[in-house]
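Student: The structure file model-v4.cif (mmCIF, C-alpha atoms) is provided below.
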```cif
data_entry
#
loop_
_atom_site.label_atom_id
_atom_site.label_comp_id
_atom_site.auth_asym_id
_atom_site.auth_seq_id
_atom_site.Cartn_x
_atom_site.Cartn_y
_atom_site.Cartn_z
CA ALA A 1 22.21 -16.49 3.63
CA CYS A 2 25.50 -14.56 3.78
CA ALA A 3 25.58 -14.92 7.58
CA ASN A 4 24.94 -18.67 7.36
CA VAL A 5 27.71 -19.24 4.85
CA ALA A 6 30.02 -16.97 6.83
CA HIS A 7 29.56 -19.12 9.92
CA LEU A 8 30.28 -22.27 7.94
CA GLN A 9 33.43 -20.70 6.53
CA LEU A 10 34.61 -19.66 9.98
CA ALA A 11 33.95 -23.11 11.40
CA ARG A 12 35.77 -24.72 8.50
CA GLY A 13 38.74 -22.40 8.91
CA VAL A 14 39.02 -23.18 12.63
CA ASP A 15 38.76 -26.92 11.96
CA ARG A 16 41.66 -26.84 9.46
CA GLN A 17 44.27 -25.45 11.85
CA ILE A 18 46.07 -28.79 12.21
CA GLU A 19 46.21 -29.27 8.43
CA LEU A 20 47.56 -25.75 7.95
CA ALA A 21 50.06 -26.17 10.78
CA ILE A 22 51.44 -29.34 9.15
CA ARG A 23 51.76 -27.56 5.81
CA ALA A 24 53.52 -24.66 7.50
CA ALA A 25 55.89 -27.12 9.17
CA ASN A 26 56.71 -28.48 5.74
CA GLY A 27 57.76 -25.05 4.51
CA ALA A 28 54.59 -23.38 3.22
CA ARG A 29 54.86 -19.63 3.59
CA ARG A 30 52.27 -17.64 5.53
CA THR A 31 51.35 -15.52 2.48
CA ARG A 32 50.76 -18.67 0.41
CA LEU A 33 48.44 -20.17 3.04
CA PHE A 34 46.61 -16.87 3.39
CA SER A 35 46.03 -16.45 -0.37
CA GLN A 36 44.87 -20.06 -0.73
CA LEU A 37 42.26 -19.79 2.04
CA LEU A 38 41.07 -16.43 0.74
CA THR A 39 40.66 -17.86 -2.76
CA GLU A 40 38.75 -20.82 -1.40
CA SER A 41 36.43 -18.42 0.44
CA LEU A 42 35.70 -16.37 -2.67
CA VAL A 43 35.02 -19.20 -5.12
CA PRO A 44 31.71 -20.48 -3.53
CA PRO A 45 29.87 -17.12 -3.55
CA VAL A 46 30.93 -16.43 -7.14
CA VAL A 47 29.67 -19.83 -8.32
CA ALA A 48 26.52 -19.61 -6.18
CA GLY A 49 25.81 -16.08 -7.38
CA ALA A 50 26.10 -17.07 -11.02
CA PHE A 51 23.81 -20.05 -10.43
CA ALA A 52 21.27 -17.91 -8.54
CA LEU A 53 21.25 -15.31 -11.31
CA ALA A 54 20.63 -17.98 -13.96
CA LEU A 55 17.88 -19.55 -11.82
CA THR A 56 16.24 -16.12 -11.35
CA TRP A 57 16.34 -15.38 -15.08
CA TRP A 58 14.83 -18.79 -15.84
CA GLY A 59 12.22 -18.57 -13.07
CA ILE A 60 10.96 -15.13 -14.17
CA ARG A 61 10.34 -16.42 -17.67
CA ILE A 62 8.41 -19.40 -16.35
CA LEU A 63 6.22 -17.12 -14.19
CA ARG A 64 5.58 -14.75 -17.07
CA SER A 65 4.57 -17.62 -19.33
CA MET A 66 1.92 -18.72 -16.77
CA SER A 67 -0.10 -15.48 -17.32
CA LEU A 68 -1.18 -15.13 -13.68
CA THR A 69 -3.76 -12.35 -13.98
CA ASP A 70 -4.10 -11.88 -10.20
CA ILE A 71 -0.52 -10.53 -9.94
CA ALA A 72 -0.33 -6.99 -11.30
CA ARG A 73 2.20 -6.29 -14.09
CA LEU A 74 3.73 -9.77 -13.90
CA ASP A 75 4.22 -9.69 -17.69
CA THR A 76 6.74 -6.84 -17.25
CA ALA A 77 8.74 -8.51 -14.46
CA GLN A 78 12.49 -8.60 -15.02
CA ILE A 79 15.77 -8.71 -13.11
CA ASP A 80 16.73 -5.45 -11.45
CA TRP A 81 20.45 -5.34 -12.23
CA ARG A 82 21.12 -2.73 -9.56
CA LEU A 83 19.69 -5.06 -6.94
CA ALA A 84 21.62 -7.99 -8.41
CA ALA A 85 24.85 -5.96 -8.20
CA VAL A 86 24.19 -5.07 -4.55
CA ALA A 87 23.46 -8.71 -3.68
CA ALA A 88 26.63 -9.87 -5.45
CA GLY A 89 28.67 -7.21 -3.66
CA LEU A 90 27.30 -8.24 -0.25
CA SER A 91 28.01 -11.93 -0.85
CA VAL A 92 31.58 -11.31 -2.00
CA LEU A 93 32.18 -8.88 0.89
CA SER A 94 30.91 -11.39 3.46
CA ALA A 95 33.04 -14.13 1.93
CA PHE A 96 36.10 -11.87 1.96
CA VAL A 97 35.62 -10.82 5.58
CA THR A 98 34.95 -14.35 6.82
CA GLY A 99 37.87 -15.69 4.80
CA VAL A 100 40.38 -13.15 6.06
CA TRP A 101 40.10 -13.99 9.75
CA PRO A 102 40.58 -17.79 9.62
CA ALA A 103 43.19 -17.42 6.88
CA TRP A 104 45.21 -14.88 8.83
CA HIS A 105 44.75 -16.73 12.12
CA ALA A 106 45.60 -20.14 10.68
CA ALA A 107 48.51 -18.87 8.64
CA GLY A 108 50.10 -17.33 11.76
CA VAL A 109 49.42 -20.19 14.16
CA ARG A 110 52.19 -21.48 16.42
CA ILE A 111 52.94 -24.87 14.89
CA ASN A 112 54.25 -26.65 18.00
CA ASP A 113 51.20 -25.61 20.09
CA VAL A 114 48.72 -26.89 17.53
CA LEU A 115 50.53 -30.19 16.94
CA LYS A 116 50.89 -30.86 20.68
CA SER A 117 47.23 -30.11 21.41
CA GLY A 118 45.90 -31.93 18.34
CA THR A 119 45.08 -35.16 20.17
CA ASN A 120 43.34 -33.39 23.07
CA VAL A 121 41.25 -30.83 21.21
CA ALA A 122 37.99 -32.74 21.62
CA ALA A 123 38.41 -32.82 25.38
CA THR A 124 39.41 -29.19 25.78
CA PRO A 125 36.39 -26.98 26.71
CA GLY A 126 37.99 -23.86 25.28
CA GLY A 127 39.41 -25.56 22.21
CA ARG A 128 38.50 -25.64 18.55
CA ARG A 129 35.61 -28.04 19.06
CA LEU A 130 33.78 -25.60 21.35
CA LEU A 131 34.23 -22.72 18.90
CA ARG A 132 33.18 -24.90 15.96
CA ASP A 133 30.07 -26.09 17.79
CA LEU A 134 29.22 -22.52 18.73
CA LEU A 135 29.47 -21.39 15.12
CA GLY A 136 27.42 -24.34 13.91
CA THR A 137 24.69 -23.69 16.47
CA SER A 138 24.55 -20.02 15.52
CA GLU A 139 24.28 -20.99 11.85
CA ILE A 140 21.32 -23.27 12.56
CA ALA A 141 19.65 -20.56 14.65
CA LEU A 142 20.05 -17.99 11.88
CA ALA A 143 18.75 -20.41 9.25
CA THR A 144 15.69 -21.17 11.39
CA ARG A 145 15.03 -17.46 11.90
CA LEU A 146 15.32 -16.87 8.16
CA LEU A 147 12.81 -19.62 7.40
CA VAL A 148 10.34 -18.37 10.03
CA LEU A 149 10.51 -14.78 8.74
CA ALA A 150 10.14 -15.94 5.14
CA GLY A 151 7.08 -18.00 6.11
CA LEU A 152 5.51 -15.05 7.94
CA LEU A 153 6.18 -12.74 4.99
CA ILE A 154 4.66 -15.15 2.47
CA GLY A 155 1.66 -15.82 4.73
CA ARG A 156 1.01 -12.10 5.21
CA PHE A 157 1.26 -11.43 1.48
CA VAL A 158 -1.18 -14.25 0.71
CA ARG A 159 -3.66 -12.93 3.30
CA LEU A 160 -3.38 -9.36 2.00
CA SER A 161 -3.79 -10.49 -1.62
CA GLY A 162 -6.93 -12.44 -0.78
CA ALA A 163 -8.48 -9.96 1.67
CA ASN A 164 -11.64 -8.04 0.91
CA TRP A 165 -11.16 -4.42 -0.13
CA GLY A 166 -14.88 -3.71 -0.11
CA PHE A 167 -14.81 -3.14 -3.87
CA ASP A 168 -13.77 -5.00 -7.02
CA PRO A 169 -10.57 -3.53 -8.50
CA ASN A 170 -10.67 -5.66 -11.66
CA ARG A 171 -11.49 -3.75 -14.87
CA LEU A 172 -11.88 -0.57 -12.82
CA PHE A 173 -10.08 2.65 -13.79
CA VAL A 174 -9.86 5.90 -11.85
CA MET A 175 -9.12 9.18 -13.62
CA SER A 176 -8.35 12.66 -12.36
CA ILE A 177 -10.15 15.34 -14.37
CA SER A 178 -10.12 19.14 -14.34
CA LEU A 179 -13.32 20.98 -15.20
CA PRO A 180 -13.33 24.15 -17.32
CA ALA A 181 -13.66 27.40 -15.38
CA ASP A 182 -17.13 28.26 -16.70
CA ALA A 183 -18.59 24.87 -15.69
CA ALA A 184 -16.95 25.03 -12.26
CA SER A 185 -18.34 28.46 -11.40
CA SER A 186 -21.46 27.01 -9.75
CA ARG A 187 -22.57 23.76 -8.14
CA GLU A 188 -25.35 23.36 -10.70
CA GLY A 189 -22.89 23.93 -13.54
CA ARG A 190 -20.47 21.36 -12.16
CA GLU A 191 -23.14 18.71 -11.75
CA GLU A 192 -24.55 19.32 -15.23
CA TRP A 193 -21.05 19.08 -16.74
CA LYS A 194 -20.35 15.79 -14.93
CA ALA A 195 -23.74 14.41 -15.97
CA VAL A 196 -22.94 15.09 -19.65
CA LEU A 197 -19.55 13.41 -19.27
CA ARG A 198 -21.05 10.34 -17.62
CA ASP A 199 -23.78 10.08 -20.25
CA ARG A 200 -21.35 10.39 -23.18
CA LEU A 201 -19.01 7.82 -21.70
CA ALA A 202 -21.74 5.36 -20.67
CA ARG A 203 -22.91 5.15 -24.30
CA GLY A 204 -19.46 4.03 -25.39
CA ALA A 205 -18.70 0.43 -26.31
CA GLY A 206 -17.16 -1.70 -23.58
CA VAL A 207 -18.25 0.54 -20.69
CA GLU A 208 -20.17 -1.30 -17.96
CA ALA A 209 -20.62 1.50 -15.39
CA VAL A 210 -19.38 5.04 -14.77
CA ALA A 211 -19.51 7.45 -11.81
CA THR A 212 -17.92 10.65 -10.53
CA ALA A 213 -16.76 11.53 -7.01
CA THR A 214 -14.50 13.94 -5.16
CA GLY A 215 -12.43 11.00 -3.95
CA ALA A 216 -11.86 7.32 -4.61
CA PRO A 217 -10.23 4.43 -2.73
CA ILE A 218 -6.42 4.76 -2.58
CA ARG A 219 -6.74 8.05 -4.54
CA TYR A 220 -8.61 9.35 -1.52
CA VAL A 221 -10.05 12.81 -0.84
CA TRP A 222 -12.26 12.78 2.21
CA GLN A 223 -13.22 15.02 5.12
CA PRO A 224 -12.90 13.74 8.72
CA THR A 225 -16.12 14.83 10.42
CA SER A 226 -17.39 14.72 14.01
CA LEU A 227 -21.06 13.81 13.85
CA LEU A 228 -23.77 15.14 16.12
CA ILE A 229 -25.17 12.56 18.55
CA ASP A 230 -27.87 13.45 21.08
CA GLY A 231 -27.19 17.15 20.60
CA ARG A 232 -23.46 16.83 21.30
CA MET A 233 -20.40 16.54 19.09
CA ALA A 234 -19.03 12.99 19.03
CA ASP A 235 -15.49 12.50 20.33
CA TRP A 236 -14.63 10.42 17.26
CA THR A 237 -14.69 11.22 13.56
CA ALA A 238 -16.15 9.56 10.50
CA ALA A 239 -14.79 9.82 6.97
CA GLY A 240 -17.12 11.95 4.86
CA TRP A 241 -17.13 11.26 1.11
CA THR A 242 -18.93 13.12 -1.67
CA VAL A 243 -19.99 10.82 -4.51
CA GLY A 244 -22.32 10.75 -7.50
CA GLN A 245 -25.09 8.38 -8.47
CA GLY A 246 -24.00 4.87 -9.41
CA TYR A 247 -20.80 5.19 -7.36
CA PHE A 248 -21.12 1.90 -5.46
CA ARG A 249 -22.28 -0.03 -8.52
CA THR A 250 -19.22 1.20 -10.40
CA LEU A 251 -16.90 0.31 -7.50
CA GLY A 252 -18.46 -3.12 -7.10
CA THR A 253 -19.36 -2.43 -3.45
CA ARG A 254 -22.23 -4.45 -2.00
CA ILE A 255 -25.38 -2.66 -0.83
CA LEU A 256 -26.28 -4.35 2.47
CA GLU A 257 -29.48 -2.41 3.17
CA GLY A 258 -31.61 0.00 1.19
CA ARG A 259 -30.16 1.53 -1.98
CA GLU A 260 -27.56 3.94 -3.26
CA PHE A 261 -27.99 7.37 -4.86
CA GLY A 262 -29.92 7.33 -8.12
CA PHE A 263 -30.90 9.66 -10.91
CA GLN A 264 -34.26 10.23 -9.20
CA ASP A 265 -32.58 11.94 -6.22
CA ALA A 266 -32.71 15.52 -7.44
CA ALA A 267 -30.73 18.30 -5.82
CA THR A 268 -33.90 19.81 -4.39
CA ALA A 269 -35.02 16.57 -2.69
CA THR A 270 -34.58 15.70 0.96
CA PRO A 271 -30.82 15.53 1.76
CA LEU A 272 -29.78 11.90 1.64
CA ALA A 273 -26.86 9.83 2.93
CA VAL A 274 -25.46 6.33 2.61
CA VAL A 275 -23.48 4.98 5.56
CA SER A 276 -20.90 2.25 5.91
CA GLU A 277 -21.57 -0.93 7.84
CA SER A 278 -19.22 0.07 10.67
CA LEU A 279 -20.85 3.51 11.06
CA ALA A 280 -24.33 1.93 11.09
CA ARG A 281 -23.26 -0.42 13.88
CA LYS A 282 -21.74 2.47 15.83
CA LEU A 283 -24.75 4.79 15.58
CA TRP A 284 -27.63 2.31 15.51
CA PRO A 285 -26.45 -0.94 17.11
CA GLU A 286 -30.04 -2.11 17.59
CA GLY A 287 -30.50 -2.75 13.87
CA ASP A 288 -32.03 -1.14 10.77
CA ALA A 289 -30.26 2.11 9.82
CA VAL A 290 -32.35 2.90 6.74
CA GLY A 291 -34.75 5.74 7.48
CA LYS A 292 -32.65 7.09 10.37
CA VAL A 293 -31.32 10.66 10.37
CA LEU A 294 -27.62 11.48 10.14
CA ARG A 295 -26.71 14.87 11.61
CA VAL A 296 -23.61 16.49 10.11
CA PRO A 297 -22.39 19.75 11.73
CA ARG A 298 -20.85 22.34 9.42
CA LEU A 299 -19.15 25.62 10.33
CA LYS A 300 -21.44 28.55 9.67
CA THR A 301 -20.85 30.29 6.38
CA ILE A 302 -21.75 33.65 4.86
CA GLY A 303 -21.97 33.79 1.08
CA GLY A 304 -20.18 30.48 0.75
CA ASP A 305 -17.25 31.47 3.02
CA ILE A 306 -16.73 30.70 6.70
CA ALA A 307 -18.07 33.45 8.93
CA PRO A 308 -15.26 35.95 9.76
CA ASP A 309 -15.42 35.45 13.54
CA ILE A 310 -15.25 31.67 13.13
CA ALA A 311 -12.41 31.95 10.62
CA ASP A 312 -10.50 34.07 13.16
CA ARG A 313 -10.99 31.38 15.82
CA LEU A 314 -9.73 28.77 13.38
CA ARG A 315 -6.56 30.79 12.73
CA ARG A 316 -6.01 31.10 16.48
CA ARG A 317 -6.61 27.36 16.88
CA ASP A 318 -9.27 27.99 19.46
CA ARG A 319 -9.79 24.63 21.17
CA THR A 320 -13.22 25.67 22.44
CA LEU A 321 -14.54 25.96 18.88
CA LYS A 322 -15.37 22.28 18.54
CA GLY A 323 -17.64 22.32 21.58
CA ASP A 324 -19.33 25.61 20.71
CA MET A 325 -22.49 24.57 18.88
CA SER A 326 -23.32 28.22 18.11
CA ALA A 327 -20.50 28.11 15.52
CA PHE A 328 -22.14 25.30 13.60
CA GLU A 329 -25.20 24.72 11.50
CA VAL A 330 -26.50 21.17 11.41
CA GLU A 331 -27.31 19.36 8.17
CA THR A 332 -29.76 16.47 8.50
CA HIS A 333 -29.54 13.64 6.01
CA GLU A 334 -31.93 10.74 5.70
CA VAL A 335 -30.09 7.42 5.50
CA ILE A 336 -31.22 5.50 2.40
CA GLY A 337 -28.66 2.70 2.39
CA VAL A 338 -25.89 0.80 4.13
CA VAL A 339 -22.84 -0.42 2.19
CA GLU A 340 -20.03 -2.76 3.15
CA ASP A 341 -16.90 -1.21 4.63
CA ILE A 342 -14.35 -0.03 2.06
CA ARG A 343 -10.63 -0.17 2.85
CA ALA A 344 -10.00 3.16 1.17
CA PHE A 345 -6.67 3.99 2.84
CA GLY A 346 -4.86 0.63 2.64
CA LEU A 347 -5.60 -3.05 2.96
CA ASP A 348 -3.76 -3.32 6.27
CA LEU A 349 -5.78 -0.49 7.87
CA VAL A 350 -9.10 -1.03 9.63
CA PRO A 351 -11.84 0.82 7.67
CA GLU A 352 -12.98 3.99 9.40
CA PRO A 353 -16.71 4.59 9.89
CA ALA A 354 -17.78 6.44 6.76
CA PHE A 355 -20.76 8.25 5.30
CA TYR A 356 -21.42 9.25 1.71
CA LEU A 357 -23.31 12.34 0.52
CA ASP A 358 -24.78 12.98 -2.91
CA SER A 359 -22.61 15.47 -4.81
CA ARG A 360 -25.78 17.23 -6.03
CA GLN A 361 -26.67 18.01 -2.41
CA GLU A 362 -23.23 18.47 -0.85
CA ARG A 363 -22.45 22.06 0.13
CA SER A 364 -19.02 21.60 1.69
CA ILE A 365 -16.52 24.39 1.00
CA TYR A 366 -13.45 22.21 1.51
CA PHE A 367 -13.23 20.46 -1.85
CA SER A 368 -11.89 21.94 -5.09
CA SER A 369 -14.66 22.86 -7.51
CA ARG A 370 -12.31 22.44 -10.50
CA HIS A 371 -11.45 18.79 -9.89
CA THR A 372 -13.32 15.48 -9.91
CA TYR A 373 -12.51 11.80 -10.10
CA LEU A 374 -14.07 9.72 -12.84
CA LEU A 375 -14.49 5.99 -12.15
CA VAL A 376 -15.06 3.70 -15.12
CA ARG A 377 -15.73 -0.05 -15.05
CA THR A 378 -15.16 -1.65 -18.41
CA LEU A 379 -15.67 -5.04 -20.01
CA GLY A 380 -11.93 -5.16 -20.74
CA GLY A 381 -9.03 -3.07 -22.00
CA GLU A 382 -5.95 -1.26 -20.75
CA ALA A 383 -5.64 2.07 -18.95
CA SER A 384 -4.15 3.71 -22.04
CA GLU A 385 -7.13 2.64 -24.18
CA VAL A 386 -9.72 3.86 -21.68
CA GLY A 387 -7.77 7.09 -21.18
CA ALA A 388 -7.73 7.76 -24.92
CA ILE A 389 -11.52 7.40 -25.11
CA VAL A 390 -12.09 9.77 -22.18
CA LYS A 391 -9.56 12.25 -23.53
CA SER A 392 -11.34 12.40 -26.88
CA ILE A 393 -14.69 13.01 -25.16
CA LEU A 394 -13.21 15.76 -22.96
CA ALA A 395 -11.67 17.45 -25.99
CA SER A 396 -15.10 18.14 -27.46
CA GLY A 397 -16.31 21.72 -27.43
CA GLU A 398 -19.25 20.71 -25.28
CA LEU A 399 -17.01 19.66 -22.36
CA ASN A 400 -13.53 21.14 -22.91
CA GLY A 401 -12.07 19.39 -19.85
CA GLU A 402 -8.57 18.12 -19.07
CA LEU A 403 -7.57 14.54 -18.30
CA ARG A 404 -4.79 14.72 -15.69
CA SER A 405 -4.12 11.05 -14.94
CA VAL A 406 -5.41 7.52 -15.59
CA ASP A 407 -4.78 4.63 -13.20
CA SER A 408 -5.81 1.00 -13.16
CA MET A 409 -7.35 0.22 -9.78
CA SER A 410 -5.81 -3.27 -9.94
CA GLU A 411 -2.34 -1.73 -10.11
CA LEU A 412 -3.11 0.77 -7.36
CA VAL A 413 -4.23 -2.13 -5.16
CA ALA A 414 -1.08 -4.12 -5.98
CA HIS A 415 1.12 -1.15 -5.07
CA SER A 416 -0.84 -0.55 -1.88
CA ILE A 417 -0.23 -4.15 -0.74
CA GLY A 418 3.50 -3.48 -1.03
CA GLY A 419 3.37 -0.19 0.86
CA ARG A 420 0.75 2.48 1.24
CA GLY A 421 -1.74 4.15 -1.03
CA SER A 422 -0.87 7.68 -2.10
CA ASN A 423 -3.07 10.61 -2.95
#
```
Taking this structure as input, can you express it in the form of structure tokens?
Tutor:
Amino acid sequence: ACANVAHLQLARGVDRQIELAIRAANGARRTRLFSQLLTESLVPPVVAGAFALALTWWGIRILRSMSLTDIARLDTAQIDWRLAAVAAGLSVLSAFVTGVWPAWHAAGVRINDVLKSGTNVAATPGGRRLLRDLLGTSEIALATRLLVLAGLLIGRFVRLSGANWGFDPNRLFVMSISLPADAASSREGREEWKAVLRDRLARGAGVEAVATATGAPIRYVWQPTSLLIDGRMADWTAAGWTVGQGYFRTLGTRILEGREFGFQDAATATPLAVVSESLARKLWPEGDAVGKVLRVPRLKTIGGDIAPDIADRLRRRDRTLKGDMSAFEVETHEVIGVVEDIRAFGLDLVPEPAFYLDSRQERSIYFSSRHTYLLVRTLGGEASEVGAIVKSILASGELNGELRSVDSMSELVAHSIGGRGSN
């Protein structure tokens, strides 16, 4: 907008040379002509800026009164005065710069030359008409470019806002929780502690579903894993997630085939897995993935730690380690379900092939045993209200956990559309 107005000001200043030359011939001083043109250049942006500020203030209040629930935190929208100050400064600076050149040039013009050429300007290729037409054409080109870019931006935002995340962010809250040291000392202790937390919270009023996991969309914690295919390590990776029972129901993710993890899947049962739609297509393009076996290679461990010789190769960044199957032990998981792809890392990123393991069966050494994510789907309420309920439950002597953060998934999604998710 500043560039467009600047071009118009320059064209206007060039077109007024005859007028200014006549005034100079009648005795007007150069400083007087210069100050007049500069003042005329500064008045429009000041008036336009004041009008734009008033229109913005009025428009925000109209939008807030409409209560558009699909736009996160619209009720708190307000004018950012720092941004308004920067915009005002840019407009005044552009007006000043574009007013100085024609004012200085016109005020110092040679009067006799302008008056003599005044009747032949239209026919002179290098005259004022050519420069004015050039400025006008550039202004139209810039305006067209601005409109095209604005249209592309609005179209992209609309598509992102209406795209499918693979889960329902509405009324969904994600919380970061620290377990007490005694509960985190063993896998069985951790799972029992999380089961008590889920049970206590699920009995609360207004809670529709609850689940725990080592990671969640946007607040992601996952392990890139090369799967074993036909006895060889795949040259691509899949995102490995560790989740608890009811995870996909709580997220609002559709089960396309089979089922998800349930309470009946005890830790001593056959190791199970749920795979994403894209991973199912990649591994079993012929069709039904339920009942197939997913082979997940893990580095060999001794007493819960990576074997010393393998750890040494890791420190040396031994590139042959990945292809050395003697360094791995293979976990086999029966696929019990296929879920739709989840855009866990951002709406503008293609979902990676993913697999999900039951936290009661997962034996990975890479995740912190003192931390878990709690996902809660409610019938309504704010993050502060849900957080207060969870905090009171954690404060009980039976659990004695710590609530580290509470986030509304709707707000996380809204922020992710504007940039990137953060962990």
Student: Just checking: using all atoms listed in the file, which residue out of A:Val174, A:Val274, A:Val296, A:Ala209 ends up closest to Leu375 in chain A?
Tutor: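 Selected residue with least distance to Leu375 in chain A: A:Val174.
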Student: Separation of CA of Phe173 in chain A and CA of Phe355 in chain A, in Å?
Tutor: 22.6 Å
Student: Hey, what comes out of the PyMOL selection byres ((chain A and resi 376) around 12) on this file? Could you write it as a PyMOL selection string?
Tutor: chain A and resi 168-176+197-199+201-202+204+206-213+216+246-252+373-375+377-383+386-387+389-390+406-409
Student: State, in Å with one decimal place, the distance from CA of Val196 in chain A to CA of Ala395 in chain A.
Tutor: 13.1 Å
Student: Find, counting only C-alpha atoms, the residue in A:Pro217, A:Gly27, A:Pro297, A:Gly151 that gets nearest to Leu412 in chain A.
Tutor: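 Nearest candidate to Leu412 in chain A out of A:Pro217, A:Gly27, A:Pro297, A:Gly151: A:Pro217.
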Student: Expand the PyMOL selection byres ((chain A and resi 177) around 7) into the explicit residue set it covers here, and present it as a tab-separated table (two decimals) with C-alpha atoms, keeping the file's coordinate frame.
Tutor:
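Output file out-v4.tsv is given in full below:
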```
chain	number	residue	atom	x	y	z
A	175	MET	CA	-9.12	9.18	-13.62
A	176	SER	CA	-8.35	12.66	-12.36
A	178	SER	CA	-10.12	19.14	-14.34
A	179	LEU	CA	-13.32	20.98	-15.20
A	371	HIS	CA	-11.45	18.79	-9.89
A	372	THR	CA	-13.32	15.48	-9.91
A	373	TYR	CA	-12.51	11.80	-10.10
A	402	GLU	CA	-8.57	18.12	-19.07
A	403	LEU	CA	-7.57	14.54	-18.30
A	404	ARG	CA	-4.79	14.72	-15.69
```
Student: Counting only C-alpha atoms, what is within 10 Å of Leu42 in chain A, bar same-chain residues fewer than 5 positions away, as a list of chain:residue names?
Tutor: A:Leu37, A:Val47, A:Ser91, A:Val92, A:Leu93, A:Ser94, A:Ala95, A:Phe96, A:Val97, A:Thr98, A:Gly99
Student: Do you have the CA of Val158 in chain A-CA of Trp81 in chain A distance handy?
Tutor: 26.7 Å
Student: Find the residues near range 287-292 of chain A: any atom within 6 Å, counting all atoms listed in the file, skip ones fewer than 3 places away on the same chain, and give them as a list in words.
Tutor: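 The neighbour list is Glu334, Val335, Ile336 and Gly337 of chain A.
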Student: Produce a file of the selected residues containing C-alpha atoms, as a short mmCIF file (atom, residue, chain, number, x, y, z; two decimals), in the coordinates of the input.
Tutor:
```cif
data_model
loop_
_atom_site.label_atom_id
_atom_site.label_comp_id
_atom_site.auth_asym_id
_atom_site.auth_seq_id
_atom_site.Cartn_x
_atom_site.Cartn_y
_atom_site.Cartn_z
CA GLU A 334 -31.93 10.74 5.70
CA VAL A 335 -30.09 7.42 5.50
CA ILE A 336 -31.22 5.50 2.40
CA GLY A 337 -28.66 2.70 2.39
#
```
